[in-house]
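K.L.:
Handing over upload_33.txt, compact mmCIF, C-alpha atoms and all ligand atoms.
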```
# COMPACT_ATOMS: atom_id res chain seq x y z
CA MET A 1 -22.31 79.43 1.55
CA ALA A 2 -24.55 82.10 0.12
CA ALA A 3 -23.20 83.91 -2.92
CA SER A 4 -23.26 87.19 -1.02
CA GLN A 5 -20.76 85.80 1.49
CA LEU A 6 -18.30 84.69 -1.15
CA LYS A 7 -15.47 87.02 -2.02
CA GLN A 8 -15.87 88.61 -5.41
CA ARG A 9 -13.18 88.13 -8.01
CA VAL A 10 -11.07 90.92 -9.42
CA LEU A 11 -8.70 90.45 -12.34
CA ILE A 12 -5.84 92.93 -12.55
CA ILE A 13 -4.07 93.26 -15.91
CA ASP A 14 -0.90 95.33 -15.76
CA ASP A 15 2.52 94.78 -17.30
CA GLN A 16 4.36 96.28 -14.33
CA LYS A 17 4.93 93.98 -11.39
CA SER A 18 5.19 96.94 -9.03
CA ASN A 19 1.67 98.07 -10.00
CA LEU A 20 0.31 94.56 -9.53
CA LYS A 21 1.88 94.44 -6.11
CA ILE A 22 0.54 97.80 -4.94
CA LEU A 23 -2.99 97.03 -6.14
CA SER A 24 -2.83 93.53 -4.65
CA ASP A 25 -1.77 94.95 -1.30
CA ILE A 26 -4.68 97.38 -1.34
CA LEU A 27 -7.32 94.84 -2.37
CA ARG A 28 -6.27 91.42 -1.17
CA ASP A 29 -8.26 91.40 2.08
CA GLU A 30 -11.48 92.36 0.33
CA VAL A 31 -11.50 90.32 -2.85
CA GLU A 32 -10.14 87.24 -4.54
CA LEU A 33 -7.38 88.40 -6.88
CA ILE A 34 -6.31 87.11 -10.26
CA LEU A 35 -3.26 88.71 -11.84
CA ALA A 36 -2.18 88.97 -15.47
CA GLN A 37 0.96 90.60 -16.80
CA ASP A 38 -0.05 91.22 -20.40
CA GLY A 39 -3.12 91.67 -22.52
CA GLU A 40 -3.26 88.17 -23.98
CA GLN A 41 -2.96 86.53 -20.57
CA GLY A 42 -5.58 88.97 -19.27
CA ILE A 43 -8.13 88.05 -21.94
CA ARG A 44 -7.49 84.37 -21.35
CA LYS A 45 -7.94 84.70 -17.59
CA ALA A 46 -11.09 86.82 -18.02
CA THR A 47 -12.65 83.98 -20.01
CA GLU A 48 -11.39 81.27 -17.70
CA PHE A 49 -12.16 82.82 -14.30
CA ALA A 50 -15.18 85.02 -15.11
CA PRO A 51 -14.12 87.79 -12.69
CA ASP A 52 -16.67 90.25 -11.27
CA LEU A 53 -14.46 93.21 -12.15
CA ILE A 54 -11.34 93.90 -14.21
CA LEU A 55 -8.68 96.54 -13.53
CA LEU A 56 -6.93 97.16 -16.81
CA ASP A 57 -3.74 99.05 -17.55
CA VAL A 58 -3.81 101.13 -20.73
CA VAL A 59 -0.15 101.15 -21.71
CA MET A 60 1.22 97.63 -22.14
CA PRO A 61 3.57 96.08 -24.67
CA GLY A 62 1.83 93.79 -27.18
CA ILE A 63 -1.92 94.11 -26.87
CA ASP A 64 -2.63 97.39 -25.08
CA GLY A 65 -5.55 98.10 -22.76
CA PHE A 66 -7.76 99.52 -25.52
CA GLU A 67 -7.42 96.40 -27.61
CA VAL A 68 -8.03 94.20 -24.54
CA ILE A 69 -11.31 95.94 -23.75
CA ARG A 70 -12.36 95.77 -27.42
CA GLN A 71 -11.89 92.01 -27.37
CA LEU A 72 -13.60 91.61 -23.99
CA LYS A 73 -16.62 93.57 -25.23
CA GLN A 74 -16.90 91.36 -28.32
CA ASP A 75 -16.96 88.08 -26.40
CA PRO A 76 -20.43 87.12 -25.04
CA SER A 77 -18.77 85.44 -22.03
CA THR A 78 -16.91 88.61 -20.96
CA TYR A 79 -18.75 91.62 -22.36
CA LEU A 80 -20.76 92.21 -19.19
CA ILE A 81 -17.74 92.30 -16.87
CA PRO A 82 -17.14 95.90 -15.73
CA VAL A 83 -13.69 97.25 -16.57
CA ILE A 84 -11.87 100.00 -14.69
CA PHE A 85 -8.98 101.54 -16.61
CA ILE A 86 -5.69 102.29 -14.93
CA THR A 87 -4.35 105.55 -16.38
CA SER A 88 -1.61 107.98 -15.51
CA LEU A 89 -2.64 111.09 -13.71
CA ASN A 90 -3.92 113.84 -16.02
CA ASP A 91 -4.05 111.53 -19.00
CA VAL A 92 -7.47 112.80 -20.02
CA ALA A 93 -7.30 111.49 -23.59
CA HIS A 94 -6.78 107.92 -22.35
CA GLU A 95 -9.60 108.25 -19.88
CA GLU A 96 -11.95 109.49 -22.54
CA GLN A 97 -11.03 106.76 -24.99
CA GLY A 98 -11.38 104.10 -22.29
CA LEU A 99 -14.84 105.30 -21.33
CA LEU A 100 -15.89 105.42 -24.98
CA LEU A 101 -14.79 101.80 -25.40
CA GLY A 102 -17.02 100.73 -22.53
CA ALA A 103 -14.92 101.12 -19.38
CA CYS A 104 -17.09 101.92 -16.38
CA ASP A 105 -14.49 104.03 -14.55
CA TYR A 106 -10.79 104.75 -14.26
CA ILE A 107 -8.21 105.04 -11.51
CA ASN A 108 -5.07 107.10 -11.68
CA LYS A 109 -1.46 106.25 -11.13
CA PRO A 110 0.14 106.85 -8.70
CA PHE A 111 -2.42 104.91 -6.72
CA HIS A 112 -4.28 106.42 -3.84
CA ALA A 113 -5.30 103.43 -1.73
CA ALA A 114 -8.57 104.87 -0.42
CA VAL A 115 -9.70 105.93 -3.90
CA VAL A 116 -8.80 102.57 -5.44
CA MET A 117 -10.69 100.76 -2.70
CA ALA A 118 -13.74 103.03 -2.95
CA ARG A 119 -14.02 102.68 -6.73
CA VAL A 120 -13.48 98.91 -6.67
CA LYS A 121 -16.05 98.47 -3.90
CA LEU A 122 -18.59 100.62 -5.70
CA HIS A 123 -18.32 98.67 -8.94
CA LEU A 124 -18.32 95.32 -7.18
CA GLN A 125 -21.50 96.34 -5.41
CA LEU A 126 -23.08 97.35 -8.71
CA ALA A 127 -21.97 94.05 -10.24
CA ARG A 128 -23.54 92.14 -7.34
CA GLN A 129 -26.82 94.02 -7.68
CA ARG A 130 -26.88 93.37 -11.41
CA LEU A 131 -26.32 89.67 -10.78
CA MET A 132 -29.13 89.57 -8.20
CA LEU A 133 -31.53 91.29 -10.58
CA GLU A 134 -30.59 88.90 -13.32
CA GLN A 135 -31.16 85.93 -11.03
CA LEU A 136 -34.52 87.29 -9.92
CA ALA A 137 -35.51 87.79 -13.54
CA ASN A 138 -34.66 84.17 -14.33
CA ILE A 139 -36.15 82.27 -11.41
CA ASP A 140 -39.67 81.05 -10.88
CA PRO A 141 -40.59 82.53 -7.48
CA LEU A 142 -42.81 79.63 -6.38
CA THR A 143 -40.57 76.66 -7.17
CA ALA A 144 -37.13 78.34 -7.32
CA VAL A 145 -36.24 76.53 -10.54
CA ALA A 146 -35.63 78.58 -13.69
CA ASN A 147 -38.54 80.32 -15.36
CA ARG A 148 -39.71 80.19 -18.96
CA ARG A 149 -37.66 83.22 -19.95
CA LYS A 150 -34.49 81.50 -18.77
CA TYR A 151 -35.58 78.31 -20.53
CA GLN A 152 -35.65 80.12 -23.87
CA GLU A 153 -32.19 81.53 -23.29
CA VAL A 154 -30.71 78.16 -22.28
CA LEU A 155 -32.45 76.36 -25.14
CA ASP A 156 -31.05 78.83 -27.68
CA ARG A 157 -27.55 78.28 -26.33
CA GLN A 158 -27.81 74.49 -26.10
CA TRP A 159 -29.39 74.31 -29.53
CA ARG A 160 -26.50 76.24 -31.08
CA ASP A 161 -23.99 74.06 -29.21
CA ALA A 162 -25.72 70.92 -30.46
CA CYS A 163 -25.60 72.23 -34.06
CA ARG A 164 -21.91 72.87 -33.74
CA LYS A 165 -21.09 69.58 -32.06
CA ARG A 166 -23.57 67.55 -34.11
CA SER A 167 -24.79 66.10 -30.84
CA CYS A 168 -28.17 64.78 -29.75
CA LEU A 169 -30.35 67.13 -27.73
CA SER A 170 -33.41 65.97 -25.80
CA LEU A 171 -36.35 68.17 -24.85
CA VAL A 172 -38.92 67.02 -22.34
CA MET A 173 -42.31 68.36 -21.28
CA VAL A 174 -43.45 67.22 -17.85
CA ASP A 175 -46.88 67.73 -16.34
CA VAL A 176 -48.27 66.90 -12.90
CA ASP A 177 -51.16 64.47 -13.35
CA ASN A 178 -54.62 65.56 -12.22
CA PHE A 179 -53.24 68.72 -10.69
CA LYS A 180 -56.48 70.64 -11.01
CA MET A 181 -58.26 67.91 -9.04
CA TYR A 182 -55.49 68.11 -6.43
CA ASN A 183 -55.93 71.86 -6.11
CA ASP A 184 -59.72 71.56 -5.93
CA HIS A 185 -59.50 68.87 -3.26
CA TYR A 186 -56.65 70.15 -1.05
CA GLY A 187 -56.67 73.86 -1.82
CA HIS A 188 -54.25 76.12 -3.63
CA ALA A 189 -51.74 76.39 -0.79
CA ALA A 190 -51.35 72.59 -0.79
CA GLY A 191 -51.14 72.70 -4.60
CA ASP A 192 -48.30 75.20 -4.39
CA ARG A 193 -46.46 73.00 -1.91
CA VAL A 194 -46.80 70.03 -4.23
CA LEU A 195 -45.37 72.04 -7.13
CA GLN A 196 -42.42 72.99 -4.94
CA GLN A 197 -41.89 69.37 -3.97
CA VAL A 198 -42.13 68.18 -7.56
CA ALA A 199 -39.68 70.86 -8.76
CA LEU A 200 -37.22 69.98 -6.00
CA THR A 201 -37.45 66.27 -6.72
CA LEU A 202 -37.05 66.68 -10.48
CA ALA A 203 -34.11 69.04 -10.02
CA ALA A 204 -32.46 66.52 -7.67
CA GLU A 205 -32.90 63.73 -10.25
CA LEU A 206 -31.16 65.81 -12.92
CA ARG A 207 -27.66 65.40 -11.60
CA ARG A 208 -25.40 66.32 -14.49
CA PRO A 209 -24.14 69.90 -14.68
CA TYR A 210 -25.81 70.71 -18.01
CA ASP A 211 -29.20 69.16 -17.31
CA PHE A 212 -31.69 71.97 -17.09
CA ILE A 213 -35.21 72.32 -15.72
CA ALA A 214 -37.60 75.25 -15.83
CA ARG A 215 -41.20 75.80 -14.82
CA TYR A 216 -42.94 76.30 -18.11
CA GLY A 217 -46.20 77.45 -16.60
CA GLY A 218 -48.90 76.15 -14.22
CA GLU A 219 -48.02 72.55 -13.36
CA GLU A 220 -45.82 72.12 -16.43
CA PHE A 221 -42.06 71.80 -16.40
CA VAL A 222 -39.64 71.66 -19.31
CA ILE A 223 -36.31 69.81 -19.20
CA ILE A 224 -33.33 70.11 -21.54
CA LEU A 225 -30.84 67.25 -21.67
CA PRO A 226 -27.92 68.34 -23.86
CA ASP A 227 -25.62 65.86 -25.54
CA THR A 228 -27.74 62.91 -24.42
CA PRO A 229 -28.99 60.12 -26.69
CA ALA A 230 -32.67 59.19 -26.62
CA ASP A 231 -32.32 55.97 -24.60
CA ASP A 232 -30.28 57.65 -21.85
CA SER A 233 -32.68 60.60 -21.81
CA PHE A 234 -35.63 58.28 -21.50
CA ARG A 235 -33.99 56.51 -18.56
CA ILE A 236 -33.33 59.81 -16.79
CA ILE A 237 -36.94 60.96 -17.17
CA GLU A 238 -38.24 57.52 -16.14
CA GLY A 239 -36.13 58.06 -13.01
CA CYS A 240 -37.91 61.38 -12.49
CA ARG A 241 -41.32 59.77 -12.87
CA ALA A 242 -40.41 57.02 -10.38
CA ALA A 243 -39.00 59.58 -7.92
CA ILE A 244 -42.25 61.56 -7.90
CA LEU A 245 -44.26 58.40 -7.30
CA GLN A 246 -41.92 57.46 -4.45
CA LEU A 247 -42.81 60.69 -2.69
CA GLN A 248 -46.15 58.93 -2.07
CA ILE A 249 -48.10 62.15 -1.92
CA PRO A 250 -51.71 61.06 -1.39
CA HIS A 251 -54.12 62.24 -4.08
CA GLN A 252 -57.49 61.29 -2.67
CA ALA A 253 -59.46 62.65 -5.60
CA THR A 254 -57.88 59.95 -7.77
CA GLY A 255 -57.57 57.33 -5.03
CA GLY A 256 -53.82 57.00 -5.57
CA CYS A 257 -50.62 58.96 -5.25
CA LEU A 258 -49.46 62.03 -7.10
CA SER A 259 -47.72 61.27 -10.39
CA ILE A 260 -46.31 62.98 -13.47
CA SER A 261 -46.45 62.33 -17.18
CA ALA A 262 -43.78 63.30 -19.67
CA GLY A 263 -43.21 63.53 -23.40
CA GLY A 264 -39.65 63.54 -24.73
CA TYR A 265 -38.18 64.37 -28.11
CA SER A 266 -34.56 63.70 -29.10
CA CYS A 267 -33.06 65.31 -32.16
CA TRP A 268 -29.84 66.37 -33.86
CA PRO A 269 -30.17 70.12 -34.42
CA GLU A 270 -28.77 71.29 -37.75
CA GLN A 271 -29.34 75.03 -37.72
CA PRO A 272 -29.88 77.61 -35.01
CA ASP A 273 -33.46 78.48 -35.79
CA GLU A 274 -36.05 79.33 -33.15
CA SER A 275 -38.94 77.99 -35.18
CA ILE A 276 -37.23 74.59 -35.38
CA SER A 277 -36.50 74.44 -31.65
CA ALA A 278 -40.11 75.49 -31.02
CA PHE A 279 -41.21 72.64 -33.29
CA ALA A 280 -39.09 70.24 -31.22
CA LEU A 281 -40.83 71.35 -28.04
CA LYS A 282 -44.20 70.92 -29.76
CA GLN A 283 -43.26 67.29 -30.50
CA ALA A 284 -42.51 66.73 -26.82
CA ASP A 285 -45.74 68.46 -25.86
CA ASP A 286 -47.80 66.32 -28.26
CA LEU A 287 -46.30 63.19 -26.71
CA LEU A 288 -47.09 64.48 -23.24
CA TYR A 289 -50.75 64.69 -24.22
CA GLN A 290 -50.62 61.19 -25.66
CA ALA A 291 -49.17 60.03 -22.33
CA LYS A 292 -52.12 61.69 -20.59
CA ARG A 293 -54.62 60.04 -22.91
CA GLN A 294 -52.98 56.65 -22.38
CA GLY A 295 -53.66 56.84 -18.64
CA LYS A 296 -50.99 59.20 -17.20
CA ASN A 297 -48.03 58.34 -14.94
CA ARG A 298 -45.92 57.46 -17.96
CA VAL A 299 -43.14 58.70 -20.20
CA LEU A 300 -43.46 58.60 -23.99
CA TRP A 301 -40.54 59.30 -26.29
CA THR A 302 -39.80 59.92 -29.91
CA THR A 303 -36.67 60.57 -31.92
CA ALA A 304 -36.27 62.79 -34.97
CA ALA A 305 -36.43 60.63 -38.09
CA ILE A 306 -33.27 62.00 -39.66
CA GLU A 307 -29.98 61.59 -37.89
CA ILE A 308 -27.16 63.85 -38.89
CA GLN A 309 -23.80 62.17 -38.58
CA GLY A 310 -21.07 64.80 -38.21
MG MG A 401 1.76 99.66 -18.21
```
Would you write the structure of this file as structure tokens?
Ligand SMILES: [Mg+2]
P.N.:
Amino acid sequence: MAASQLKQRVLIIDDQKSNLKILSDILRDEVELILAQDGEQGIRKATEFAPDLILLDVVMPGIDGFEVIRQLKQDPSTYLIPVIFITSLNDVAHEEQGLLLGACDYINKPFHAAVVMARVKLHLQLARQRLMLEQLANIDPLTAVANRRKYQEVLDRQWRDACRKRSCLSLVMVDVDNFKMYNDHYGHAAGDRVLQQVALTLAAELRRPYDFIARYGGEEFVIILPDTPADDSFRIIEGCRAAILQLQIPHQATGGCLSISAGGYSCWPEQPDESISAFALKQADDLLYQAKRQGKNRVLWTTAAIEIQG
């Protein structure tokens, strides 16, 4: 099902059951609802369910609405979620404070069903548009895998995770062999189709949820295999190489079938430093060129000399 057909998720945080019930009755046909009866539960559910929108009561025992939004805005996993404050009618000071803390809107008690619905729909629509823009900004339009911009973002995150967990991270550069000859022989439209086929095949071979592929540029792809030792990583990329060969795409200019070469580098990141992760990719890239020089259609691998045992 396309994302646009899925119901969006709204988290309602309010200490009064009667409020939860009224809001649920108004919204339940339009959205998927998650309910929380205090601030702590609300923050936990925001992290767990990643709602598209949060309706947040101001006055609650324990952590009040202002503190909840402060915490949500400090957490990278929740700071983008729009928050609508629930305030009592004519409580202008609360409205102002809520907006200053980053709320996108407010609704007044007692609830007016049409107004609640209109405001929720508006902010869900804005959230959906923001998501679409973000997806467009992160996807390579030709192959539909992630683009280089997204690669950098994912690498930064996975690199930090690997530092924290003291786990092995593998980076792989992949290049379509003799692609220029393919383009020259079959034309650019055929070349584009081949890139699409290669991207689709590689993406299908990377089956685990955290495996990541992006188009790095031209006929080059980059793959991140988090938390994967060198020998397993090598096997996965060998599987990719074999899968491309099995497509049996004729490449008359070379007298054979289309193939890929890859260079892989496995390491144990120690500190979140972009120059070090860039160095790691350079190692993979150097091996890719060695693979090319050694006759293409092969995977070469190296592992960082120093292993950090956590
Ligand atoms: Mg309350």
K.L.:
Hey, which residues come within 10 Å of ligand MG 401 (chain A) if we count all atoms listed in the file? Could you give them as JSON, numbers by chain?
P.N.:
{"A": [13, 14, 15, 16, 17, 19, 37, 38, 56, 57, 58, 59, 60, 61, 64, 65, 86, 87, 88]}
K.L.:
Would you list the residues near (-14.6, 88.6, -21.8), meaning any protein, DNA or RNA residue with an atom at most 12 Å from that point in file coordinates, counting only C-alpha atoms, as an NGL selection string?
P.N.:
:A and (11 or 39-54 or 68-83)
K.L.:
If you measure from atom CA of Arg215 of chain A to atom CA of Asn147 of chain A, what distance in Å do you get, rounded to one decimal?
P.N.:
5.3 Å
K.L.:
If we count all atoms listed in the file and set the cut-off at 9 Å, which residues sit around Ala230 of chain A, ignoring sequence neighbours fewer than 3 positions away in its own chain? Please answer as a list in words.
P.N.:
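Listing them by chain and then by number gives Cys168, Leu169, Ser170, Ser233, Phe234, Arg235, Gly264, Tyr265, Ser266, Cys267, Trp301, Thr302 and Thr303 of chain A.
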K.L.:
Neighbouring residues of Phe179 of chain A were defined as those with any atom within 10 Å, considering all atoms listed in the file; residues of the same chain fewer than 5 positions away were excluded. Please report them as a VMD selection string.
P.N.:
chain A and resid 184 to 185 191 194 to 195 218 to 220 251 258 to 260
K.L.:
So what do you get for atom CA of Pro272 of chain A versus atom CA of Ser167 of chain A, distance-wise?
P.N.:
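A separation of 13.3 Å between them.
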K.L.:
Could you tell me which of A:Leu122, A:Leu171, A:Phe221, A:Asn183 comes closest to Leu300 of chain A if we count only C-alpha atoms?
P.N.:
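Closest residue, counting only C-alpha atoms: A:Leu171.
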